[in-house]
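Shown next, in structure tokens, is the structure this report addresses.
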4 protein chains.
Amino acid sequence: MIVNEMMFQTAAQNICEVGRFLYSKGWCPATSSNFSVRIDQDYAAITASGKHKGELTEEDILLIDLNGKAIQSNLKSSAETFLHTGLYQRDKAIKSVLHTHSVNATVLSRLYEKQGFIRVEDFEVLKALPNIETHETFLNIPIFLNTQDIATLSKEVDQYLDNNPHTFGYCIAGHGFYTWGNNLNAARRHIEAFEFLFECAILEMQLQCKSNAS
Amino acid sequence: MIVNEMMFQTAAQNICEVGRFLYSKGWCPATSSNFSVRIDQDYAAITASGKHKGELTEEDILLIDLNGKAIQSNLKSSAETFLHTGLYQRDKAIKSVLHTHSVNATVLSRLYEKQGFIRVEDFEVLKALPNIETHETFLNIPIFLNTQDIATLSKEVDQYLDNNPHTFGYCIAGHGFYTWGNNLNAARRHIEAFEFLFECAILEMQLQCKSNAS
Amino acid sequence: MIVNEMMFQTAAQNICEVGRFLYSKGWCPATSSNFSVRIDQDYAAITASGKHKGELTEEDILLIDLNGKAIQSNLKSSAETFLHTGLYQRDKAIKSVLHTHSVNATVLSRLYEKQGFIRVEDFEVLKALPNIETHETFLNIPIFLNTQDIATLSKEVDQYLDNNPHTFGYCIAGHGFYTWGNNLNAARRHIEAFEFLFECAILEMQLQCKSNAS
Amino acid sequence: MIVNEMMFQTAAQNICEVGRFLYSKGWCPATSSNFSVRIDQDYAAITASGKHKGELTEEDILLIDLNGKAIQSNLKSSAETFLHTGLYQRDKAIKSVLHTHSVNATVLSRLYEKQGFIRVEDFEVLKALPNIETHETFLNIPIFLNTQDIATLSKEVDQYLDNNPHTFGYCIAGHGFYTWGNNLNAARRHIEAFEFLFECAILEMQLQCKSNAS
């Protein structure tokens, strides 16, 4: 193998485990979502397309180079692989990328599609994200239009991150959510924090309904 | 046995497993729901009536012919068996039928009963359904009136599918949801996708409440 | 022991198991709820007061007579024991009584307290209840005012059941839900059916909010 | 060790277990929340900062004195440790403190931040809290403003408890919830009761939306 076999196996096992976790949360319906872990500066392990993410085995994980090309594998990764490799290429510190499809992220991203971002503000849980030391802040989570042209979308994301380096996650409208981290646990911590914030945002909208109506 | 014994056993085991899965999702309250898997061109395995779908054992699964007649069994399948066999008769490619009773499908099917369908549009998860390659599409999920006259309902479904061949699921108002697939995993993928879409539709209605009221 | 030891043990084990099930559903918060199974015409097994219902062991179950008196036990059953024994006294066919505290039952029972009942209508799942053969029917689930005077409440329930024999469950406002059955599995099936109906009723109210507001 | 080693180990194991429980409920997103158990009149065991509360091991628990100082450990407890030790200092009967971050507590505490408390009234489940013998009562759950200055917040809490001794839990706006008890099980019972009451309060607001709008 072109990379250290044991590193690949560990990455594959960790991806399977995070898949079971994220699926159990209800964030990967049907065979949606894809997850990757960087192996070294040139390669990453990623989920094959079309697999049920709650039931992944090591046979469902393939090695890709950072151009998204499958290495010595008959498996095919998702068309969205470029959204993973684009992040690995732009920042060596990024070691894992997680893409999920929760109901909350999907619905919020459609609702705020025109505005282009979801704003969350003054939550203590914001401190679970990098470089945030106080709740007295806000975060704009960008929303990109959904498209089947992933190469173009990847460039848009790249450009956005150039202009907004303190970004740790984005939505694609009606599609889902991407986050990443300096290791798989950090990426998982981020997704939990973002999904918590999405759930709070939605519940606040539902309750404001009440106060607005009355 | 009139069919390959091992094929029946495998089908029965798979039905028990999918029952535990679907029950764990909350889509089979009480002893509702029924599931089937085609054995060959003439026979299918199906759940017996009145069993708790989260606790199925192989003894709860019976063999039926495609007229819904129990073969060498004292078990009785549900009156709705004809909705399963009707699908197997019309399309040889259908290998599994799943019928569930989620709260969301039940409530949406009552809410849109007069309209006759639930429309879902522009969701990436639509691509989990057969022959859908882009999110830029919509799906009308038909709603049939509930009835205890299953033979007539089966004919209505048949006629609808003649006119709308690209249909992969339907609701019965105040009752539940039917979907199917070219194998049990495909049928399960479809149900996860449809239930995700139902949940999105409901959440969007709840949040539009807010924007409408304000 | 005054009853068959093995029958008591089996009843106790079944109560522990149903406790884990009902707790896992979220219907027994904190140390709320109590469950009983009839042993014979004179005695029943019931949960001791103040135990966590998701973690019951056989040591948490005591024998009572149908006047609610603990038999050869230092355990104390809940003050609400009389609501169990009242049902066993009035109908020999009742073999199990389950009392739970779901959020949905609690909130609906407060919302409809003045009306005195919750009406559910035209749901297929109604057929999970005894003697209901079609969805084309309705059910009024009675709501009693909450009180710490259980003896009086027990009489009120008794009188209601005299006048409304086709009743399989009732709410106490702001408190919880009671159901029963001809065996423990039947009682469990009823609670699943009622909780499904409560969830549908609440979701329909939330969505009607939308249509009313718009 | 400065305290009985076995008592510390037991406390640490119990904290890990309650962490798995509270995480499974969804009340500790990402690496939020912290839990402690008093060892004796001078020391307590507490979770280290930054750990995932659903996956705690004994290595994640440290000993602190009641000034919040880590004893013979390289682990660091949260800045909020003072909110734990402040409670242990003021009341010898307090043996465990649990701090969680549920969506419901977070959202309610923001919604009622100006009012300064959440009122819950006439719920049977109130009897799960100390010294409450009837549902015919109400509880005001105080809400403190969020701050990164924990020492000052701890004093505010202390002052509030001086004036309101029958308090068993409080919120910090946009942050989370604190409760405690005379042992870990009591603290856990309280959190279940409070979260149940929060969920009821939210659902009632959502349904009043409907009645207000119509």
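Every chain in the structure tokens takes a letter, A first, then B, and so on in the order presented; its residues are numbered from 1, and the ligands are numbered from 1 following the presented order.
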For B:Lys155: contacts at 10 Å, only C-alpha atoms, fewer than 4 positions along chain excluded, given as a ChimeraX atom specification: /B:82-83,86,150-151,159-161
Can I get the selected residues back with all heavy atoms, as a PDB file, in the first residue's frame?
```pdb
ATOM      1  N   PHE B  82     -52.934  -8.101   0.722  1.00  0.00           N
ATOM      2  CA  PHE B  82     -53.189  -7.863  -0.705  1.00  0.00           C
ATOM      3  C   PHE B  82     -52.456  -6.633  -1.236  1.00  0.00           C
ATOM      4  O   PHE B  82     -52.177  -6.530  -2.423  1.00  0.00           O
ATOM      5  CB  PHE B  82     -54.695  -7.735  -0.974  1.00  0.00           C
ATOM      6  CG  PHE B  82     -55.429  -8.992  -0.648  1.00  0.00           C
ATOM      7  CD1 PHE B  82     -56.340  -9.040   0.403  1.00  0.00           C
ATOM      8  CD2 PHE B  82     -55.195 -10.150  -1.377  1.00  0.00           C
ATOM      9  CE1 PHE B  82     -57.010 -10.209   0.718  1.00  0.00           C
ATOM     10  CE2 PHE B  82     -55.867 -11.335  -1.072  1.00  0.00           C
ATOM     11  CZ  PHE B  82     -56.775 -11.361  -0.020  1.00  0.00           C
ATOM     12  N   LEU B  83     -52.150  -5.697  -0.345  1.00  0.00           N
ATOM     13  CA  LEU B  83     -51.387  -4.532  -0.795  1.00  0.00           C
ATOM     14  C   LEU B  83     -49.940  -4.921  -1.081  1.00  0.00           C
ATOM     15  O   LEU B  83     -49.278  -4.297  -1.908  1.00  0.00           O
ATOM     16  CB  LEU B  83     -51.475  -3.405   0.235  1.00  0.00           C
ATOM     17  CG  LEU B  83     -52.890  -2.852   0.440  1.00  0.00           C
ATOM     18  CD1 LEU B  83     -52.926  -1.850   1.595  1.00  0.00           C
ATOM     19  CD2 LEU B  83     -53.423  -2.202  -0.843  1.00  0.00           C
ATOM     20  N   GLY B  86     -50.305  -7.393  -4.357  1.00  0.00           N
ATOM     21  CA  GLY B  86     -50.635  -6.585  -5.537  1.00  0.00           C
ATOM     22  C   GLY B  86     -49.376  -5.974  -6.150  1.00  0.00           C
ATOM     23  O   GLY B  86     -49.228  -5.932  -7.381  1.00  0.00           O
ATOM     24  N   ILE B 150     -59.734  -3.758   1.584  1.00  0.00           N
ATOM     25  CA  ILE B 150     -58.367  -3.742   1.072  1.00  0.00           C
ATOM     26  C   ILE B 150     -58.306  -4.127  -0.415  1.00  0.00           C
ATOM     27  O   ILE B 150     -57.480  -3.606  -1.173  1.00  0.00           O
ATOM     28  CB  ILE B 150     -57.470  -4.682   1.914  1.00  0.00           C
ATOM     29  CG1 ILE B 150     -57.433  -4.185   3.374  1.00  0.00           C
ATOM     30  CG2 ILE B 150     -56.054  -4.754   1.361  1.00  0.00           C
ATOM     31  CD1 ILE B 150     -56.877  -2.798   3.576  1.00  0.00           C
ATOM     32  N   ALA B 151     -59.187  -5.010  -0.846  1.00  0.00           N
ATOM     33  CA  ALA B 151     -59.173  -5.426  -2.258  1.00  0.00           C
ATOM     34  C   ALA B 151     -59.387  -4.218  -3.166  1.00  0.00           C
ATOM     35  O   ALA B 151     -58.672  -4.027  -4.158  1.00  0.00           O
ATOM     36  CB  ALA B 151     -60.250  -6.487  -2.498  1.00  0.00           C
ATOM     37  N   GLN B 159     -54.013   1.054 -10.198  1.00  0.00           N
ATOM     38  CA  GLN B 159     -54.375   2.000 -11.249  1.00  0.00           C
ATOM     39  C   GLN B 159     -53.486   3.243 -11.173  1.00  0.00           C
ATOM     40  O   GLN B 159     -52.991   3.743 -12.190  1.00  0.00           O
ATOM     41  CB  GLN B 159     -55.836   2.389 -11.052  1.00  0.00           C
ATOM     42  CG  GLN B 159     -56.454   3.074 -12.253  1.00  0.00           C
ATOM     43  CD  GLN B 159     -57.987   3.082 -12.153  1.00  0.00           C
ATOM     44  OE1 GLN B 159     -58.553   2.609 -11.154  1.00  0.00           O
ATOM     45  NE2 GLN B 159     -58.638   3.609 -13.165  1.00  0.00           N
ATOM     46  N   TYR B 160     -53.250   3.714  -9.952  1.00  0.00           N
ATOM     47  CA  TYR B 160     -52.380   4.879  -9.784  1.00  0.00           C
ATOM     48  C   TYR B 160     -50.985   4.580 -10.311  1.00  0.00           C
ATOM     49  O   TYR B 160     -50.387   5.416 -11.014  1.00  0.00           O
ATOM     50  CB  TYR B 160     -52.309   5.285  -8.307  1.00  0.00           C
ATOM     51  CG  TYR B 160     -51.453   6.511  -8.102  1.00  0.00           C
ATOM     52  CD1 TYR B 160     -51.998   7.786  -8.160  1.00  0.00           C
ATOM     53  CD2 TYR B 160     -50.075   6.400  -7.904  1.00  0.00           C
ATOM     54  CE1 TYR B 160     -51.212   8.918  -8.016  1.00  0.00           C
ATOM     55  CE2 TYR B 160     -49.275   7.515  -7.756  1.00  0.00           C
ATOM     56  CZ  TYR B 160     -49.844   8.778  -7.816  1.00  0.00           C
ATOM     57  OH  TYR B 160     -49.051   9.888  -7.689  1.00  0.00           O
ATOM     58  N   LEU B 161     -50.490   3.396 -10.007  1.00  0.00           N
ATOM     59  CA  LEU B 161     -49.128   3.053 -10.444  1.00  0.00           C
ATOM     60  C   LEU B 161     -49.059   2.870 -11.961  1.00  0.00           C
ATOM     61  O   LEU B 161     -48.033   3.166 -12.580  1.00  0.00           O
ATOM     62  CB  LEU B 161     -48.632   1.799  -9.714  1.00  0.00           C
ATOM     63  CG  LEU B 161     -48.440   1.969  -8.203  1.00  0.00           C
ATOM     64  CD1 LEU B 161     -48.034   0.635  -7.566  1.00  0.00           C
ATOM     65  CD2 LEU B 161     -47.402   3.029  -7.882  1.00  0.00           C
TER      66      LEU B 161
END
```
DSSP-assigned strand (DSSP E or B) among stretch 14-82 of chain C, expressed as a list in words: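 Selecting the strand (DSSP E or B) positions of stretch 14-82 of chain C gives Asn34, Phe35, Ser36, Val37, Arg38, Tyr43, Ala44, Ala45, Ile46, Thr47, Ala48, Ile61, Leu62, Leu63, Ile64, Asp65, Ala70 and Ser77 of chain C.
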Please report, as a Markdown table, each residue of chain C lying at most 12 Å from chain D, together with the nearest pair of atoms and the separation in Å rounded to one decimal; use only C-alpha atoms, and order rows by chain and ascending residue number.
```
| residue | atom | partner | partner_atom | distance |
| --- | --- | --- | --- | --- |
| C:Tyr23 | CA | D:Glu192 | CA | 11.6 |
| C:Ser24 | CA | D:Lys25 | CA | 10.1 |
| C:Lys25 | CA | D:Lys25 | CA | 11.3 |
| C:Gly26 | CA | D:Phe196 | CA | 9.4 |
| C:Trp27 | CA | D:Phe196 | CA | 9.9 |
| C:Cys28 | CA | D:Glu192 | CA | 9.6 |
| C:Pro29 | CA | D:Glu192 | CA | 5.8 |
| C:Ala30 | CA | D:Arg189 | CA | 4.7 |
| C:Thr31 | CA | D:Arg189 | CA | 6.8 |
| C:Ser32 | CA | D:Val125 | CA | 7.1 |
| C:Ser33 | CA | D:Val125 | CA | 9.8 |
| C:Ser49 | CA | D:Ala128 | CA | 11.4 |
| C:Gly50 | CA | D:Ala128 | CA | 8.7 |
| C:Lys51 | CA | D:Arg189 | CA | 10.1 |
| C:His52 | CA | D:Arg189 | CA | 8.4 |
| C:Lys53 | CA | D:Arg189 | CA | 11.3 |
| C:Gly54 | CA | D:Phe21 | CA | 11.4 |
| C:Glu55 | CA | D:Asn185 | CA | 11.9 |
| C:Ala79 | CA | D:Glu133 | CA | 11.7 |
| C:Thr100 | CA | D:Val125 | CA | 11.1 |
| C:His101 | CA | D:Val125 | CA | 8.2 |
| C:Ser102 | CA | D:Phe196 | CA | 8.7 |
| C:Val103 | CA | D:Cys200 | CA | 5.8 |
| C:Asn104 | CA | D:Cys200 | CA | 7.8 |
| C:Ala105 | CA | D:Cys200 | CA | 9.9 |
| C:Thr106 | CA | D:Cys200 | CA | 7.5 |
| C:Val107 | CA | D:Cys200 | CA | 6.2 |
| C:Leu108 | CA | D:Glu204 | CA | 8.7 |
| C:Ser109 | CA | D:Phe123 | CA | 10.9 |
| C:Arg110 | CA | D:Glu204 | CA | 9.1 |
| C:Leu111 | CA | D:Glu204 | CA | 8.1 |
| C:Tyr112 | CA | D:Leu207 | CA | 11.6 |
| C:Leu145 | CA | D:Asp122 | CA | 11.1 |
| C:Asn146 | CA | D:His135 | CA | 8.0 |
| C:Thr147 | CA | D:His135 | CA | 7.9 |
| C:Gln148 | CA | D:Thr134 | CA | 6.7 |
| C:Asp149 | CA | D:Thr134 | CA | 10.3 |
| C:Ile172 | CA | D:Glu124 | CA | 9.4 |
| C:Ala173 | CA | D:Phe123 | CA | 8.5 |
| C:Gly174 | CA | D:Phe123 | CA | 5.0 |
| C:His175 | CA | D:Glu124 | CA | 4.8 |
| C:Gly176 | CA | D:Glu124 | CA | 8.1 |
| C:Phe177 | CA | D:Glu124 | CA | 11.7 |
| C:Glu199 | CA | D:Leu203 | CA | 11.4 |
| C:Ala201 | CA | D:Leu207 | CA | 10.8 |
| C:Ile202 | CA | D:Leu207 | CA | 7.7 |
| C:Leu203 | CA | D:Leu207 | CA | 9.2 |
| C:Glu204 | CA | D:Leu207 | CA | 9.9 |
| C:Met205 | CA | D:Leu207 | CA | 6.6 |
| C:Gln206 | CA | D:Leu207 | CA | 6.1 |
| C:Leu207 | CA | D:Lys210 | CA | 8.3 |
| C:Gln208 | CA | D:Lys210 | CA | 6.9 |
| C:Cys209 | CA | D:Lys210 | CA | 4.2 |
| C:Lys210 | CA | D:Lys210 | CA | 7.8 |
| C:Ser211 | CA | D:Ser214 | CA | 9.1 |
| C:Asn212 | CA | D:Ser214 | CA | 5.5 |
| C:Ala213 | CA | D:Ala213 | CA | 5.5 |
| C:Ser214 | CA | D:Ala213 | CA | 9.2 |
```
Every residue of stretch 103-182 of chain B that DSSP places in helix (DSSP H, G or I), as a ChimeraX atom specification: /B:103-111,124-128,150-163
Output for the residues just chosen: N, CA and C atoms as a PDB file, in the first residue's frame:
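The file below, part-v4.pdb, is the result:
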```pdb
ATOM      1  N   VAL B 103     -45.826   8.504  13.134  1.00  0.00           N
ATOM      2  CA  VAL B 103     -46.647   9.670  13.464  1.00  0.00           C
ATOM      3  C   VAL B 103     -46.631  10.666  12.304  1.00  0.00           C
ATOM      4  N   ASN B 104     -45.454  10.917  11.754  1.00  0.00           N
ATOM      5  CA  ASN B 104     -45.351  11.930  10.699  1.00  0.00           C
ATOM      6  C   ASN B 104     -46.138  11.551   9.451  1.00  0.00           C
ATOM      7  N   ALA B 105     -46.017  10.303   9.004  1.00  0.00           N
ATOM      8  CA  ALA B 105     -46.767   9.875   7.819  1.00  0.00           C
ATOM      9  C   ALA B 105     -48.267   9.924   8.100  1.00  0.00           C
ATOM     10  N   THR B 106     -48.636   9.522   9.317  1.00  0.00           N
ATOM     11  CA  THR B 106     -50.057   9.515   9.682  1.00  0.00           C
ATOM     12  C   THR B 106     -50.636  10.929   9.658  1.00  0.00           C
ATOM     13  N   VAL B 107     -49.923  11.847  10.278  1.00  0.00           N
ATOM     14  CA  VAL B 107     -50.457  13.208  10.394  1.00  0.00           C
ATOM     15  C   VAL B 107     -50.429  13.924   9.040  1.00  0.00           C
ATOM     16  N   LEU B 108     -49.339  13.802   8.302  1.00  0.00           N
ATOM     17  CA  LEU B 108     -49.281  14.442   6.981  1.00  0.00           C
ATOM     18  C   LEU B 108     -50.364  13.895   6.065  1.00  0.00           C
ATOM     19  N   SER B 109     -50.603  12.590   6.133  1.00  0.00           N
ATOM     20  CA  SER B 109     -51.582  11.985   5.226  1.00  0.00           C
ATOM     21  C   SER B 109     -52.999  12.453   5.559  1.00  0.00           C
ATOM     22  N   ARG B 110     -53.246  12.799   6.815  1.00  0.00           N
ATOM     23  CA  ARG B 110     -54.548  13.366   7.180  1.00  0.00           C
ATOM     24  C   ARG B 110     -54.642  14.824   6.751  1.00  0.00           C
ATOM     25  N   LEU B 111     -53.554  15.532   6.908  1.00  0.00           N
ATOM     26  CA  LEU B 111     -53.542  16.966   6.620  1.00  0.00           C
ATOM     27  C   LEU B 111     -53.726  17.232   5.119  1.00  0.00           C
ATOM     28  N   GLU B 124     -31.785  17.239  -1.491  1.00  0.00           N
ATOM     29  CA  GLU B 124     -30.713  16.347  -1.932  1.00  0.00           C
ATOM     30  C   GLU B 124     -31.055  14.884  -1.667  1.00  0.00           C
ATOM     31  N   VAL B 125     -31.739  14.631  -0.543  1.00  0.00           N
ATOM     32  CA  VAL B 125     -32.031  13.245  -0.165  1.00  0.00           C
ATOM     33  C   VAL B 125     -32.968  12.549  -1.158  1.00  0.00           C
ATOM     34  N   LEU B 126     -33.659  13.305  -1.986  1.00  0.00           N
ATOM     35  CA  LEU B 126     -34.461  12.684  -3.052  1.00  0.00           C
ATOM     36  C   LEU B 126     -33.625  11.724  -3.889  1.00  0.00           C
ATOM     37  N   LYS B 127     -32.327  11.991  -3.979  1.00  0.00           N
ATOM     38  CA  LYS B 127     -31.442  11.131  -4.773  1.00  0.00           C
ATOM     39  C   LYS B 127     -31.293   9.719  -4.193  1.00  0.00           C
ATOM     40  N   ALA B 128     -31.784   9.506  -2.985  1.00  0.00           N
ATOM     41  CA  ALA B 128     -31.779   8.148  -2.422  1.00  0.00           C
ATOM     42  C   ALA B 128     -32.843   7.268  -3.076  1.00  0.00           C
ATOM     43  N   ILE B 150     -59.734  -3.758   1.584  1.00  0.00           N
ATOM     44  CA  ILE B 150     -58.367  -3.742   1.072  1.00  0.00           C
ATOM     45  C   ILE B 150     -58.306  -4.127  -0.415  1.00  0.00           C
ATOM     46  N   ALA B 151     -59.187  -5.010  -0.846  1.00  0.00           N
ATOM     47  CA  ALA B 151     -59.173  -5.426  -2.258  1.00  0.00           C
ATOM     48  C   ALA B 151     -59.387  -4.218  -3.166  1.00  0.00           C
ATOM     49  N   THR B 152     -60.345  -3.383  -2.820  1.00  0.00           N
ATOM     50  CA  THR B 152     -60.619  -2.194  -3.620  1.00  0.00           C
ATOM     51  C   THR B 152     -59.451  -1.215  -3.568  1.00  0.00           C
ATOM     52  N   LEU B 153     -58.902  -1.046  -2.367  1.00  0.00           N
ATOM     53  CA  LEU B 153     -57.761  -0.156  -2.224  1.00  0.00           C
ATOM     54  C   LEU B 153     -56.599  -0.639  -3.088  1.00  0.00           C
ATOM     55  N   SER B 154     -56.373  -1.941  -3.096  1.00  0.00           N
ATOM     56  CA  SER B 154     -55.287  -2.515  -3.885  1.00  0.00           C
ATOM     57  C   SER B 154     -55.467  -2.174  -5.367  1.00  0.00           C
ATOM     58  N   LYS B 155     -56.702  -2.218  -5.825  1.00  0.00           N
ATOM     59  CA  LYS B 155     -56.962  -1.865  -7.234  1.00  0.00           C
ATOM     60  C   LYS B 155     -56.691  -0.389  -7.503  1.00  0.00           C
ATOM     61  N   GLU B 156     -57.104   0.442  -6.567  1.00  0.00           N
ATOM     62  CA  GLU B 156     -56.832   1.888  -6.712  1.00  0.00           C
ATOM     63  C   GLU B 156     -55.328   2.155  -6.820  1.00  0.00           C
ATOM     64  N   VAL B 157     -54.571   1.479  -5.948  1.00  0.00           N
ATOM     65  CA  VAL B 157     -53.119   1.640  -5.974  1.00  0.00           C
ATOM     66  C   VAL B 157     -52.588   1.199  -7.327  1.00  0.00           C
ATOM     67  N   ASP B 158     -53.066   0.053  -7.772  1.00  0.00           N
ATOM     68  CA  ASP B 158     -52.605  -0.504  -9.049  1.00  0.00           C
ATOM     69  C   ASP B 158     -52.838   0.478 -10.188  1.00  0.00           C
ATOM     70  N   GLN B 159     -54.013   1.054 -10.198  1.00  0.00           N
ATOM     71  CA  GLN B 159     -54.375   2.000 -11.249  1.00  0.00           C
ATOM     72  C   GLN B 159     -53.486   3.243 -11.173  1.00  0.00           C
ATOM     73  N   TYR B 160     -53.250   3.714  -9.952  1.00  0.00           N
ATOM     74  CA  TYR B 160     -52.380   4.879  -9.784  1.00  0.00           C
ATOM     75  C   TYR B 160     -50.985   4.580 -10.311  1.00  0.00           C
ATOM     76  N   LEU B 161     -50.490   3.396 -10.007  1.00  0.00           N
ATOM     77  CA  LEU B 161     -49.128   3.053 -10.444  1.00  0.00           C
ATOM     78  C   LEU B 161     -49.059   2.870 -11.961  1.00  0.00           C
ATOM     79  N   ASP B 162     -50.162   2.415 -12.566  1.00  0.00           N
ATOM     80  CA  ASP B 162     -50.204   2.365 -14.037  1.00  0.00           C
ATOM     81  C   ASP B 162     -49.980   3.754 -14.620  1.00  0.00           C
ATOM     82  N   ASN B 163     -50.604   4.736 -14.002  1.00  0.00           N
ATOM     83  CA  ASN B 163     -50.532   6.107 -14.528  1.00  0.00           C
ATOM     84  C   ASN B 163     -49.292   6.853 -14.057  1.00  0.00           C
TER      85      ASN B 163
END
```
Length of the atom CA of B:Leu98 to atom CA of A:Asp60 vector [Å]: 26.1 Å
For D:Asn183: contacts at 9 Å, only C-alpha atoms, fewer than 6 positions along chain excluded, given as a list in words: Val37, Arg38, Ala93, Ile94, Lys95, Ser96 and Val97 of chain D
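Every protein, DNA or RNA residue with an atom at most 8 Å from B:Thr85, where only C-alpha atoms count and chain neighbours fewer than 5 positions away do not, is listed here: B:Leu66, B:Asn67, B:Gly68.
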Which of C:Asn34, C:Asn131, C:Ser77, C:Asn140 sits closest to C:Cys171 [using only C-alpha atoms]: C:Asn140
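Take atom CA of D:Asn4 and atom CA of D:Gly19: the distance between them is 22.6 Å.
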Selection near stretch 72-74 of chain A, 10 Å with only C-alpha atoms, sequence-local residues under 5 positions removed, as a PyMOL selection string: chain A and resi 1-2+48+61-64
Length of the atom CA of A:Pro142 to atom CA of A:Gly116 vector [Å]: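 Distance reported for this atom pair: 5.9 Å.
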